[in-house]
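Visitor: File follows, input.pdb with PDB, C-alpha atoms, pLDDT in the B column:
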ATOM      1  CA  MET Q 299     118.341  67.718 124.191  1.00 68.00           C
ATOM      2  CA  THR Q 300     116.618  64.525 123.029  1.00 72.00           C
ATOM      3  CA  VAL Q 301     116.365  63.504 119.378  1.00 69.00           C
ATOM      4  CA  GLY Q 302     112.613  64.154 119.611  1.00 70.00           C
ATOM      5  CA  GLN Q 303     113.156  67.710 120.905  1.00 73.00           C
ATOM      6  CA  ALA Q 304     115.745  68.421 118.186  1.00 71.00           C
ATOM      7  CA  ALA Q 305     113.371  67.066 115.543  1.00 68.00           C
ATOM      8  CA  GLY Q 306     110.604  69.296 116.954  1.00 66.00           C
ATOM      9  CA  ILE Q 307     112.793  72.412 116.800  1.00 67.00           C
ATOM     10  CA  LEU Q 308     113.893  71.536 113.257  1.00 60.00           C
ATOM     11  CA  LYS Q 309     110.251  71.007 112.236  1.00 63.00           C
ATOM     12  CA  ASP Q 310     109.297  74.425 113.698  1.00 62.00           C
ATOM     13  CA  MET Q 311     112.185  76.082 111.827  1.00 59.00           C
ATOM     14  CA  LEU Q 312     111.170  74.430 108.550  1.00 56.00           C
ATOM     15  CA  ASN Q 313     107.494  75.326 109.105  1.00 60.00           C
ATOM     16  CA  GLN Q 314     108.418  78.921 109.847  1.00 61.00           C
ATOM     17  CA  GLY Q 315     110.421  78.940 106.610  1.00 66.00           C
ATOM     18  CA  THR Q 316     107.407  77.628 104.714  1.00 83.00           C
ATOM     19  CA  ASP Q 317     105.125  80.200 106.401  1.00 88.00           C
ATOM     20  CA  LEU Q 318     107.467  83.030 105.378  1.00 94.00           C
ATOM     21  CA  ASP Q 319     107.743  81.620 101.819  1.00 95.00           C
ATOM     22  CA  ARG Q 320     103.958  81.626 101.500  1.00 96.00           C
ATOM     23  CA  ALA Q 321     103.483  85.018 103.159  1.00 97.00           C
ATOM     24  CA  PHE Q 322     106.080  86.782 100.969  1.00 97.00           C
ATOM     25  CA  HIS Q 323     104.603  85.057  97.902  1.00 97.00           C
ATOM     26  CA  ALA Q 324     101.073  86.174  98.869  1.00 97.00           C
ATOM     27  CA  LEU Q 325     102.230  89.788  99.351  1.00 97.00           C
ATOM     28  CA  ALA Q 326     104.002  89.886  95.969  1.00 97.00           C
ATOM     29  CA  ASP Q 327     100.617  90.472  94.304  1.00 96.00           C
ATOM     30  CA  PRO Q 328      99.391  94.114  94.291  1.00 94.00           C
ATOM     31  CA  SER Q 329      95.687  93.108  94.542  1.00 94.00           C
ATOM     32  CA  ARG Q 330      96.409  90.978  97.591  1.00 96.00           C
ATOM     33  CA  ARG Q 331      98.337  93.859  99.190  1.00 96.00           C
ATOM     34  CA  LEU Q 332      95.292  96.108  98.560  1.00 95.00           C
ATOM     35  CA  ILE Q 333      93.094  93.537 100.333  1.00 96.00           C
ATOM     36  CA  VAL Q 334      95.502  93.453 103.306  1.00 97.00           C
ATOM     37  CA  GLU Q 335      95.603  97.294 103.368  1.00 96.00           C
ATOM     38  CA  ARG Q 336      91.786  97.396 103.441  1.00 95.00           C
ATOM     39  CA  LEU Q 337      91.523  94.722 106.172  1.00 96.00           C
ATOM     40  CA  ALA Q 338      94.163  96.470 108.305  1.00 96.00           C
ATOM     41  CA  ARG Q 339      91.538  99.232 108.701  1.00 95.00           C
ATOM     42  CA  GLY Q 340      88.947  96.712 109.914  1.00 95.00           C
ATOM     43  CA  PRO Q 341      87.046  93.524 109.011  1.00 96.00           C
ATOM     44  CA  ALA Q 342      85.079  93.480 105.737  1.00 96.00           C
ATOM     45  CA  SER Q 343      82.758  91.174 103.812  1.00 96.00           C
ATOM     46  CA  VAL Q 344      83.850  89.783 100.439  1.00 95.00           C
ATOM     47  CA  SER Q 345      81.601  92.255  98.570  1.00 93.00           C
ATOM     48  CA  GLU Q 346      82.864  95.161 100.698  1.00 93.00           C
ATOM     49  CA  LEU Q 347      86.377  94.152  99.581  1.00 94.00           C
ATOM     50  CA  ALA Q 348      85.437  93.709  95.914  1.00 93.00           C
ATOM     51  CA  GLN Q 349      83.577  97.002  95.352  1.00 88.00           C
ATOM     52  CA  PRO Q 350      86.195  99.724  96.068  1.00 83.00           C
ATOM     53  CA  LEU Q 351      88.994  97.570  94.601  1.00 83.00           C
ATOM     54  CA  ALA Q 352      87.017  97.120  91.346  1.00 83.00           C
ATOM     55  CA  MET Q 353      87.541  93.344  91.483  1.00 86.00           C
ATOM     56  CA  SER Q 354      85.042  90.596  90.731  1.00 92.00           C
ATOM     57  CA  LEU Q 355      83.799  88.552  93.682  1.00 93.00           C
ATOM     58  CA  SER Q 356      85.518  85.446  92.268  1.00 94.00           C
ATOM     59  CA  ALA Q 357      88.859  87.296  91.919  1.00 94.00           C
ATOM     60  CA  VAL Q 358      88.602  88.453  95.545  1.00 95.00           C
ATOM     61  CA  MET Q 359      87.723  84.899  96.652  1.00 95.00           C
ATOM     62  CA  GLN Q 360      90.797  83.514  94.854  1.00 96.00           C
ATOM     63  CA  HIS Q 361      93.090  86.107  96.470  1.00 97.00           C
ATOM     64  CA  LEU Q 362      91.497  85.420  99.867  1.00 96.00           C
ATOM     65  CA  GLN Q 363      92.270  81.708  99.487  1.00 96.00           C
ATOM     66  CA  VAL Q 364      95.978  82.541  99.042  1.00 96.00           C
ATOM     67  CA  LEU Q 365      95.913  84.987 101.975  1.00 97.00           C
ATOM     68  CA  GLU Q 366      94.123  82.451 104.198  1.00 96.00           C
ATOM     69  CA  ALA Q 367      96.496  79.620 103.229  1.00 95.00           C
ATOM     70  CA  CYS Q 368      99.429  81.555 104.723  1.00 94.00           C
ATOM     71  CA  SER Q 369      97.379  82.831 107.710  1.00 95.00           C
ATOM     72  CA  LEU Q 370      97.597  86.506 106.736  1.00 97.00           C
ATOM     73  CA  VAL Q 371      93.788  86.641 106.715  1.00 97.00           C
ATOM     74  CA  ALA Q 372      91.020  84.648 108.406  1.00 96.00           C
ATOM     75  CA  SER Q 373      87.329  84.585 107.508  1.00 95.00           C
ATOM     76  CA  GLU Q 374      84.068  83.440 109.069  1.00 95.00           C
ATOM     77  CA  LYS Q 375      80.725  82.841 107.430  1.00 93.00           C
ATOM     78  CA  ALA Q 376      77.553  83.943 109.231  1.00 92.00           C
ATOM     79  CA  GLY Q 377      74.441  83.196 107.172  1.00 94.00           C
ATOM     80  CA  ARG Q 378      75.287  84.259 103.625  1.00 92.00           C
ATOM     81  CA  VAL Q 379      77.962  86.791 104.564  1.00 93.00           C
ATOM     82  CA  ARG Q 380      81.650  85.860 104.827  1.00 94.00           C
ATOM     83  CA  THR Q 381      83.555  88.375 106.975  1.00 96.00           C
ATOM     84  CA  CYS Q 382      87.335  88.645 106.580  1.00 97.00           C
ATOM     85  CA  ARG Q 383      89.880  90.014 109.023  1.00 96.00           C
ATOM     86  CA  ILE Q 384      93.648  90.365 109.413  1.00 95.00           C
ATOM     87  CA  GLU Q 385      95.529  87.623 111.266  1.00 94.00           C
ATOM     88  CA  PRO Q 386      98.332  89.759 112.731  1.00 93.00           C
ATOM     89  CA  GLU Q 387     100.795  87.012 113.693  1.00 94.00           C
ATOM     90  CA  THR Q 388     102.004  86.259 110.135  1.00 94.00           C
ATOM     91  CA  LEU Q 389     102.293  89.980 109.344  1.00 94.00           C
ATOM     92  CA  ARG Q 390     104.450  90.298 112.502  1.00 95.00           C
ATOM     93  CA  GLN Q 391     106.676  87.389 111.384  1.00 95.00           C
ATOM     94  CA  VAL Q 392     107.259  89.032 107.981  1.00 96.00           C
ATOM     95  CA  GLU Q 393     107.963  92.394 109.647  1.00 96.00           C
ATOM     96  CA  HIS Q 394     110.286  90.745 112.172  1.00 97.00           C
ATOM     97  CA  TRP Q 395     112.387  89.062 109.459  1.00 97.00           C
ATOM     98  CA  VAL Q 396     112.731  92.259 107.371  1.00 97.00           C
ATOM     99  CA  THR Q 397     113.467  94.461 110.405  1.00 97.00           C
ATOM    100  CA  ARG Q 398     116.142  92.005 111.606  1.00 96.00           C
ATOM    101  CA  GLN Q 399     117.998  92.209 108.270  1.00 96.00           C
ATOM    102  CA  ARG Q 400     117.749  96.006 108.134  1.00 95.00           C
ATOM    103  CA  THR Q 401     118.973  96.469 111.730  1.00 95.00           C
ATOM    104  CA  THR Q 402     121.806  93.910 111.294  1.00 95.00           C
ATOM    105  CA  TRP Q 403     122.971  95.883 108.249  1.00 94.00           C
ATOM    106  CA  GLU Q 404     122.704  99.268 110.026  1.00 92.00           C
ATOM    107  CA  ARG Q 405     124.514  98.039 113.168  1.00 91.00           C
ATOM    108  CA  ARG Q 406     127.382  96.875 110.962  1.00 88.00           C
ATOM    109  CA  LEU Q 407     127.584 100.349 109.384  1.00 82.00           C
ATOM    110  CA  ASP Q 408     127.570 101.911 112.876  1.00 83.00           C
ATOM    111  CA  ARG Q 409     130.454  99.641 113.936  1.00 83.00           C
ATOM    112  CA  LEU Q 410     132.384 100.570 110.771  1.00 82.00           C
ATOM    113  CA  GLY Q 411     131.762 104.256 111.577  1.00 79.00           C
ATOM    114  CA  ASP Q 412     132.949 103.794 115.182  1.00 77.00           C
ATOM    115  CA  GLY Q 413     136.057 101.985 113.916  1.00 76.00           C
ATOM    116  CA  MET Q 414     136.923 104.876 111.595  1.00 74.00           C
ATOM    117  CA  LEU Q 415     136.384 107.419 114.392  1.00 72.00           C
ATOM    118  CA  SER Q 416     138.646 105.538 116.815  1.00 75.00           C
ATOM    119  CA  GLU Q 417     141.339 105.211 114.107  1.00 72.00           C
ATOM    120  CA  HIS Q 418     141.239 108.985 113.650  1.00 67.00           C
ATOM    121  CA  SER Q 419     141.455 109.605 117.406  1.00 67.00           C
ATOM    122  CA  ASP Q 420     144.443 107.211 117.811  1.00 60.00           C
TER     123      ASP Q 420
ATOM    124  CA  MET J 291      99.125 120.421  89.815  1.00 68.00           C
ATOM    125  CA  THR J 292      99.910 120.093  86.095  1.00 72.00           C
ATOM    126  CA  VAL J 293      99.011 116.999  84.059  1.00 70.00           C
ATOM    127  CA  GLY J 294     102.754 116.302  83.763  1.00 71.00           C
ATOM    128  CA  GLN J 295     103.215 116.391  87.570  1.00 74.00           C
ATOM    129  CA  ALA J 296     100.156 114.158  88.107  1.00 71.00           C
ATOM    130  CA  ALA J 297     101.490 111.703  85.503  1.00 69.00           C
ATOM    131  CA  GLY J 298     104.879 111.753  87.271  1.00 67.00           C
ATOM    132  CA  ILE J 299     103.315 110.982  90.671  1.00 68.00           C
ATOM    133  CA  LEU J 300     101.197 108.195  89.137  1.00 61.00           C
ATOM    134  CA  LYS J 301     104.291 106.744  87.443  1.00 63.00           C
ATOM    135  CA  ASP J 302     106.184 106.793  90.775  1.00 63.00           C
ATOM    136  CA  MET J 303     103.245 105.049  92.507  1.00 60.00           C
ATOM    137  CA  LEU J 304     103.057 102.374  89.817  1.00 57.00           C
ATOM    138  CA  ASN J 305     106.832 101.892  89.864  1.00 60.00           C
ATOM    139  CA  GLN J 306     106.794 101.555  93.650  1.00 61.00           C
ATOM    140  CA  GLY J 307     104.061  98.927  93.255  1.00 66.00           C
ATOM    141  CA  THR J 308     106.220  97.034  90.777  1.00 83.00           C
ATOM    142  CA  ASP J 309     109.274  97.346  93.055  1.00 88.00           C
ATOM    143  CA  LEU J 310     107.296  95.928  95.988  1.00 94.00           C
ATOM    144  CA  ASP J 311     105.887  93.119  93.773  1.00 95.00           C
ATOM    145  CA  ARG J 312     109.421  92.125  92.776  1.00 96.00           C
ATOM    146  CA  ALA J 313     110.898  92.492  96.250  1.00 97.00           C
ATOM    147  CA  PHE J 314     108.196  90.363  97.934  1.00 97.00           C
ATOM    148  CA  HIS J 315     108.534  87.795  95.134  1.00 97.00           C
ATOM    149  CA  ALA J 316     112.330  87.712  95.573  1.00 97.00           C
ATOM    150  CA  LEU J 317     112.003  87.204  99.344  1.00 97.00           C
ATOM    151  CA  ALA J 318     109.499  84.331  98.947  1.00 97.00           C
ATOM    152  CA  ASP J 319     112.426  81.986  98.225  1.00 96.00           C
ATOM    153  CA  PRO J 320     114.243  80.603 101.298  1.00 94.00           C
ATOM    154  CA  SER J 321     117.647  80.487  99.533  1.00 94.00           C
ATOM    155  CA  ARG J 322     117.342  84.139  98.550  1.00 96.00           C
ATOM    156  CA  ARG J 323     116.399  85.044 102.142  1.00 96.00           C
ATOM    157  CA  LEU J 324     119.550  83.193 103.314  1.00 95.00           C
ATOM    158  CA  ILE J 325     121.633  85.266 100.860  1.00 96.00           C
ATOM    159  CA  VAL J 326     120.056  88.497 102.183  1.00 97.00           C
ATOM    160  CA  GLU J 327     120.645  87.341 105.800  1.00 96.00           C
ATOM    161  CA  ARG J 328     124.326  86.692 104.978  1.00 95.00           C
ATOM    162  CA  LEU J 329     124.775  90.036 103.171  1.00 96.00           C
ATOM    163  CA  ALA J 330     123.098  91.952 106.029  1.00 96.00           C
ATOM    164  CA  ARG J 331     126.180  90.971 108.066  1.00 95.00           C
ATOM    165  CA  GLY J 332     128.496  92.426 105.400  1.00 95.00           C
ATOM    166  CA  PRO J 333     129.530  92.243 101.713  1.00 96.00           C
ATOM    167  CA  ALA J 334     130.585  88.859 100.319  1.00 96.00           C
ATOM    168  CA  SER J 335     131.892  87.385  97.079  1.00 96.00           C
ATOM    169  CA  VAL J 336     129.772  84.877  95.138  1.00 95.00           C
ATOM    170  CA  SER J 337     131.894  81.956  96.377  1.00 93.00           C
ATOM    171  CA  GLU J 338     131.727  83.238  99.985  1.00 93.00           C
ATOM    172  CA  LEU J 339     127.934  83.150  99.590  1.00 94.00           C
ATOM    173  CA  ALA J 340     127.847  79.707  97.953  1.00 93.00           C
ATOM    174  CA  GLN J 341     130.058  77.797 100.406  1.00 88.00           C
ATOM    175  CA  PRO J 342     128.223  78.062 103.774  1.00 83.00           C
ATOM    176  CA  LEU J 343     124.816  77.885 102.058  1.00 83.00           C
ATOM    177  CA  ALA J 344     125.827  74.650 100.273  1.00 83.00           C
ATOM    178  CA  MET J 345     124.693  76.062  96.925  1.00 87.00           C
ATOM    179  CA  SER J 346     126.382  75.782  93.547  1.00 92.00           C
ATOM    180  CA  LEU J 347     127.937  78.970  92.136  1.00 92.00           C
ATOM    181  CA  SER J 348     125.402  78.964  89.296  1.00 94.00           C
ATOM    182  CA  ALA J 349     122.461  78.642  91.717  1.00 94.00           C
ATOM    183  CA  VAL J 350     123.811  81.596  93.737  1.00 95.00           C
ATOM    184  CA  MET J 351     124.286  83.612  90.522  1.00 95.00           C
ATOM    185  CA  GLN J 352     120.675  82.946  89.497  1.00 96.00           C
ATOM    186  CA  HIS J 353     119.344  84.022  92.897  1.00 97.00           C
ATOM    187  CA  LEU J 354     121.565  87.127  92.794  1.00 96.00           C
ATOM    188  CA  GLN J 355     120.073  88.092  89.414  1.00 96.00           C
ATOM    189  CA  VAL J 356     116.583  88.084  90.973  1.00 96.00           C
ATOM    190  CA  LEU J 357     117.817  90.022  94.039  1.00 97.00           C
ATOM    191  CA  GLU J 358     119.606  92.592  91.852  1.00 96.00           C
ATOM    192  CA  ALA J 359     116.592  93.015  89.523  1.00 95.00           C
ATOM    193  CA  CYS J 360     114.521  94.305  92.460  1.00 94.00           C
ATOM    194  CA  SER J 361     117.430  96.312  93.952  1.00 95.00           C
ATOM    195  CA  LEU J 362     117.653  94.281  97.157  1.00 97.00           C
ATOM    196  CA  VAL J 363     121.299  93.519  96.361  1.00 97.00           C
ATOM    197  CA  ALA J 364     123.988  95.238  94.273  1.00 96.00           C
ATOM    198  CA  SER J 365     127.278  93.765  93.070  1.00 95.00           C
ATOM    199  CA  GLU J 366     130.570  94.982  91.640  1.00 95.00           C
ATOM    200  CA  LYS J 367     133.241  93.043  89.788  1.00 93.00           C
ATOM    201  CA  ALA J 368     136.893  93.783  90.525  1.00 92.00           C
ATOM    202  CA  GLY J 369     139.207  91.549  88.524  1.00 94.00           C
ATOM    203  CA  ARG J 370     137.723  88.043  88.764  1.00 92.00           C
ATOM    204  CA  VAL J 371     135.865  88.605  92.027  1.00 93.00           C
ATOM    205  CA  ARG J 372     132.243  89.819  92.140  1.00 94.00           C
ATOM    206  CA  THR J 373     131.416  91.358  95.529  1.00 96.00           C
ATOM    207  CA  CYS J 374     127.765  91.605  96.600  1.00 97.00           C
ATOM    208  CA  ARG J 375     126.202  93.900  99.172  1.00 96.00           C
ATOM    209  CA  ILE J 376     122.764  94.835 100.515  1.00 95.00           C
ATOM    210  CA  GLU J 377     120.944  97.773  98.922  1.00 94.00           C
ATOM    211  CA  PRO J 378     119.023  98.966 101.996  1.00 93.00           C
ATOM    212  CA  GLU J 379     116.416 101.189 100.313  1.00 94.00           C
ATOM    213  CA  THR J 380     114.247  98.331  98.938  1.00 94.00           C
ATOM    214  CA  LEU J 381     114.456  96.472 102.266  1.00 94.00           C
ATOM    215  CA  ARG J 382     113.234  99.685 103.944  1.00 95.00           C
ATOM    216  CA  GLN J 383     110.316  99.975 101.471  1.00 95.00           C
ATOM    217  CA  VAL J 384     109.219  96.395 102.222  1.00 96.00           C
ATOM    218  CA  GLU J 385     109.553  96.993 105.974  1.00 96.00           C
ATOM    219  CA  HIS J 386     107.656 100.288 105.699  1.00 97.00           C
ATOM    220  CA  TRP J 387     104.698  98.666 103.912  1.00 97.00           C
ATOM    221  CA  VAL J 388     104.433  95.779 106.406  1.00 97.00           C
ATOM    222  CA  THR J 389     104.873  98.036 109.461  1.00 97.00           C
ATOM    223  CA  ARG J 390     102.167 100.413 108.166  1.00 96.00           C
ATOM    224  CA  GLN J 391      99.626  97.573 107.900  1.00 96.00           C
ATOM    225  CA  ARG J 392     100.520  96.194 111.340  1.00 95.00           C
ATOM    226  CA  THR J 393     100.320  99.622 113.052  1.00 94.00           C
ATOM    227  CA  THR J 394      97.037 100.538 111.238  1.00 95.00           C
ATOM    228  CA  TRP J 395      95.553  97.280 112.530  1.00 93.00           C
ATOM    229  CA  GLU J 396      96.850  97.804 116.108  1.00 92.00           C
ATOM    230  CA  ARG J 397      95.674 101.437 116.251  1.00 91.00           C
ATOM    231  CA  ARG J 398      92.201 100.270 115.257  1.00 87.00           C
ATOM    232  CA  LEU J 399      92.236  97.735 118.124  1.00 82.00           C
ATOM    233  CA  ASP J 400      93.379 100.495 120.513  1.00 83.00           C
ATOM    234  CA  ARG J 401      90.488 102.727 119.405  1.00 83.00           C
ATOM    235  CA  LEU J 402      88.040  99.832 119.894  1.00 81.00           C
ATOM    236  CA  GLY J 403      89.488  99.309 123.387  1.00 79.00           C
ATOM    237  CA  ASP J 404      89.150 103.037 124.219  1.00 77.00           C
ATOM    238  CA  GLY J 405      85.553 102.974 122.943  1.00 76.00           C
ATOM    239  CA  MET J 406      84.696 100.056 125.246  1.00 73.00           C
ATOM    240  CA  LEU J 407      86.344 101.771 128.234  1.00 72.00           C
ATOM    241  CA  SER J 408      84.411 105.034 127.687  1.00 75.00           C
ATOM    242  CA  GLU J 409      81.140 103.073 127.324  1.00 72.00           C
ATOM    243  CA  HIS J 410      81.815 101.460 130.699  1.00 67.00           C
ATOM    244  CA  SER J 411      82.600 104.821 132.363  1.00 66.00           C
ATOM    245  CA  ASP J 412      79.398 106.458 130.985  1.00 59.00           C
TER     246      ASP J 412
END
Please lay out the structure from this file as structure tokens.
Guide:
Amino acid sequence: MTVGQAAGILKDMLNQGTDLDRAFHALADPSRRLIVERLARGPASVSELAQPLAMSLSAVMQHLQVLEACSLVASEKAGRVRTCRIEPETLRQVEHWVTRQRTTWERRLDRLGDGMLSEHSD
Amino acid sequence: MTVGQAAGILKDMLNQGTDLDRAFHALADPSRRLIVERLARGPASVSELAQPLAMSLSAVMQHLQVLEACSLVASEKAGRVRTCRIEPETLRQVEHWVTRQRTTWERRLDRLGDGMLSEHSD
């Protein structure tokens, strides 16, 4: 591996860390989770997001900025309407990290259980 | 449903919201994610956590306080040694929320795909 390749891998790892930092931070807010829940059911305009969530347009816009900054959401403007949609890749990265910890923990418990069983059968 | 039952359900929903807020906030910090990754592989004392992560004991203690406040981690002191372990239930709640959004989004894409296929076969 060249120094350049190693630096590239390290940069990717650090970027992924930063992406996860931002994504977990974005999802720590209940209003932003409501926006993600709504967009998981399909794209929506800013006013379509604001109305059922009883938020002002400016509050929704602020939350969308945070969600767009960590690539959980993307939006496009056509004429006067901005349409927002889920960007699934970041959601998958968050899910992947959490699932990995949960399965690592459960596999360890399984191994402990197997160890106890084999001790009993010895 | 009685008013008391409805109030109980609402309280549970609000508490779950608060739990998720805290858990996502806790996991937004890369050092705290490293601690969770380490504990997923098995319980560890505070100094066993600090050493490989190149953190001071007091930094680890501060991160542990945040992780314990949202029930991602629990710890017990025996003599002078505090042993920390994963509390899986909160990790499962975080995973469940993220997985639900991802699957809702994918199912919608599947339905869109089915709709396009049936239009073509008409």
Visitor: Pull out every residue of chain Q sitting within 8 Å of chain J, counting all atoms listed in the file, and send them as a ChimeraX atom specification.
Guide: /Q:315,318-323,325-328,334-335,337-340,384,386,389-390,392-393,396-397,399-400,402-403,406
Visitor: Identify which of the residues J:Ser335, J:Ser346, J:Gln341, J:Thr380 lies closest to Ala359 (chain J), counting only C-alpha atoms when measuring atom-to-atom distances.
Guide: J:Thr380
Visitor: How far is it from CA of Ser369 (chain Q) to CA of Gln391 (chain Q), in Å with one decimal?
Guide: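 Calculated distance between CA of Ser369 (chain Q) and CA of Gln391 (chain Q) is 11.0 Å.
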Visitor: Do you have the CA of His353 (chain J)-CA of Ser321 (chain J) distance handy?
Guide: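 So the two atoms, CA of His353 (chain J) and CA of Ser321 (chain J), lie 7.7 Å apart.
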Visitor: Using all atoms listed in the file, find the one residue out of Q:Ser373, Q:Gln360, Q:Ser416, Q:Gln303 that sits nearest to Arg330 (chain Q).
Guide: Q:Gln360
Visitor: Between CA of Glu346 (chain Q) and CA of Glu409 (chain J), what is the spacing in Å?
Guide: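 So the two atoms, CA of Glu409 (chain J) and CA of Glu346 (chain Q), lie 27.8 Å apart.
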Visitor: Every residue with an atom at most 10 Å from (82.9, 88.6, 107.7) (file coordinates; only C-alpha atoms) is what I'm after, so could you write them as a list of chain:residue names?
Guide: Q:Pro341, Q:Ala342, Q:Ser343, Q:Val344, Q:Ser345, Q:Glu346, Q:Ala372, Q:Ser373, Q:Glu374, Q:Lys375, Q:Ala376, Q:Arg378, Q:Val379, Q:Arg380, Q:Thr381, Q:Cys382, Q:Arg383
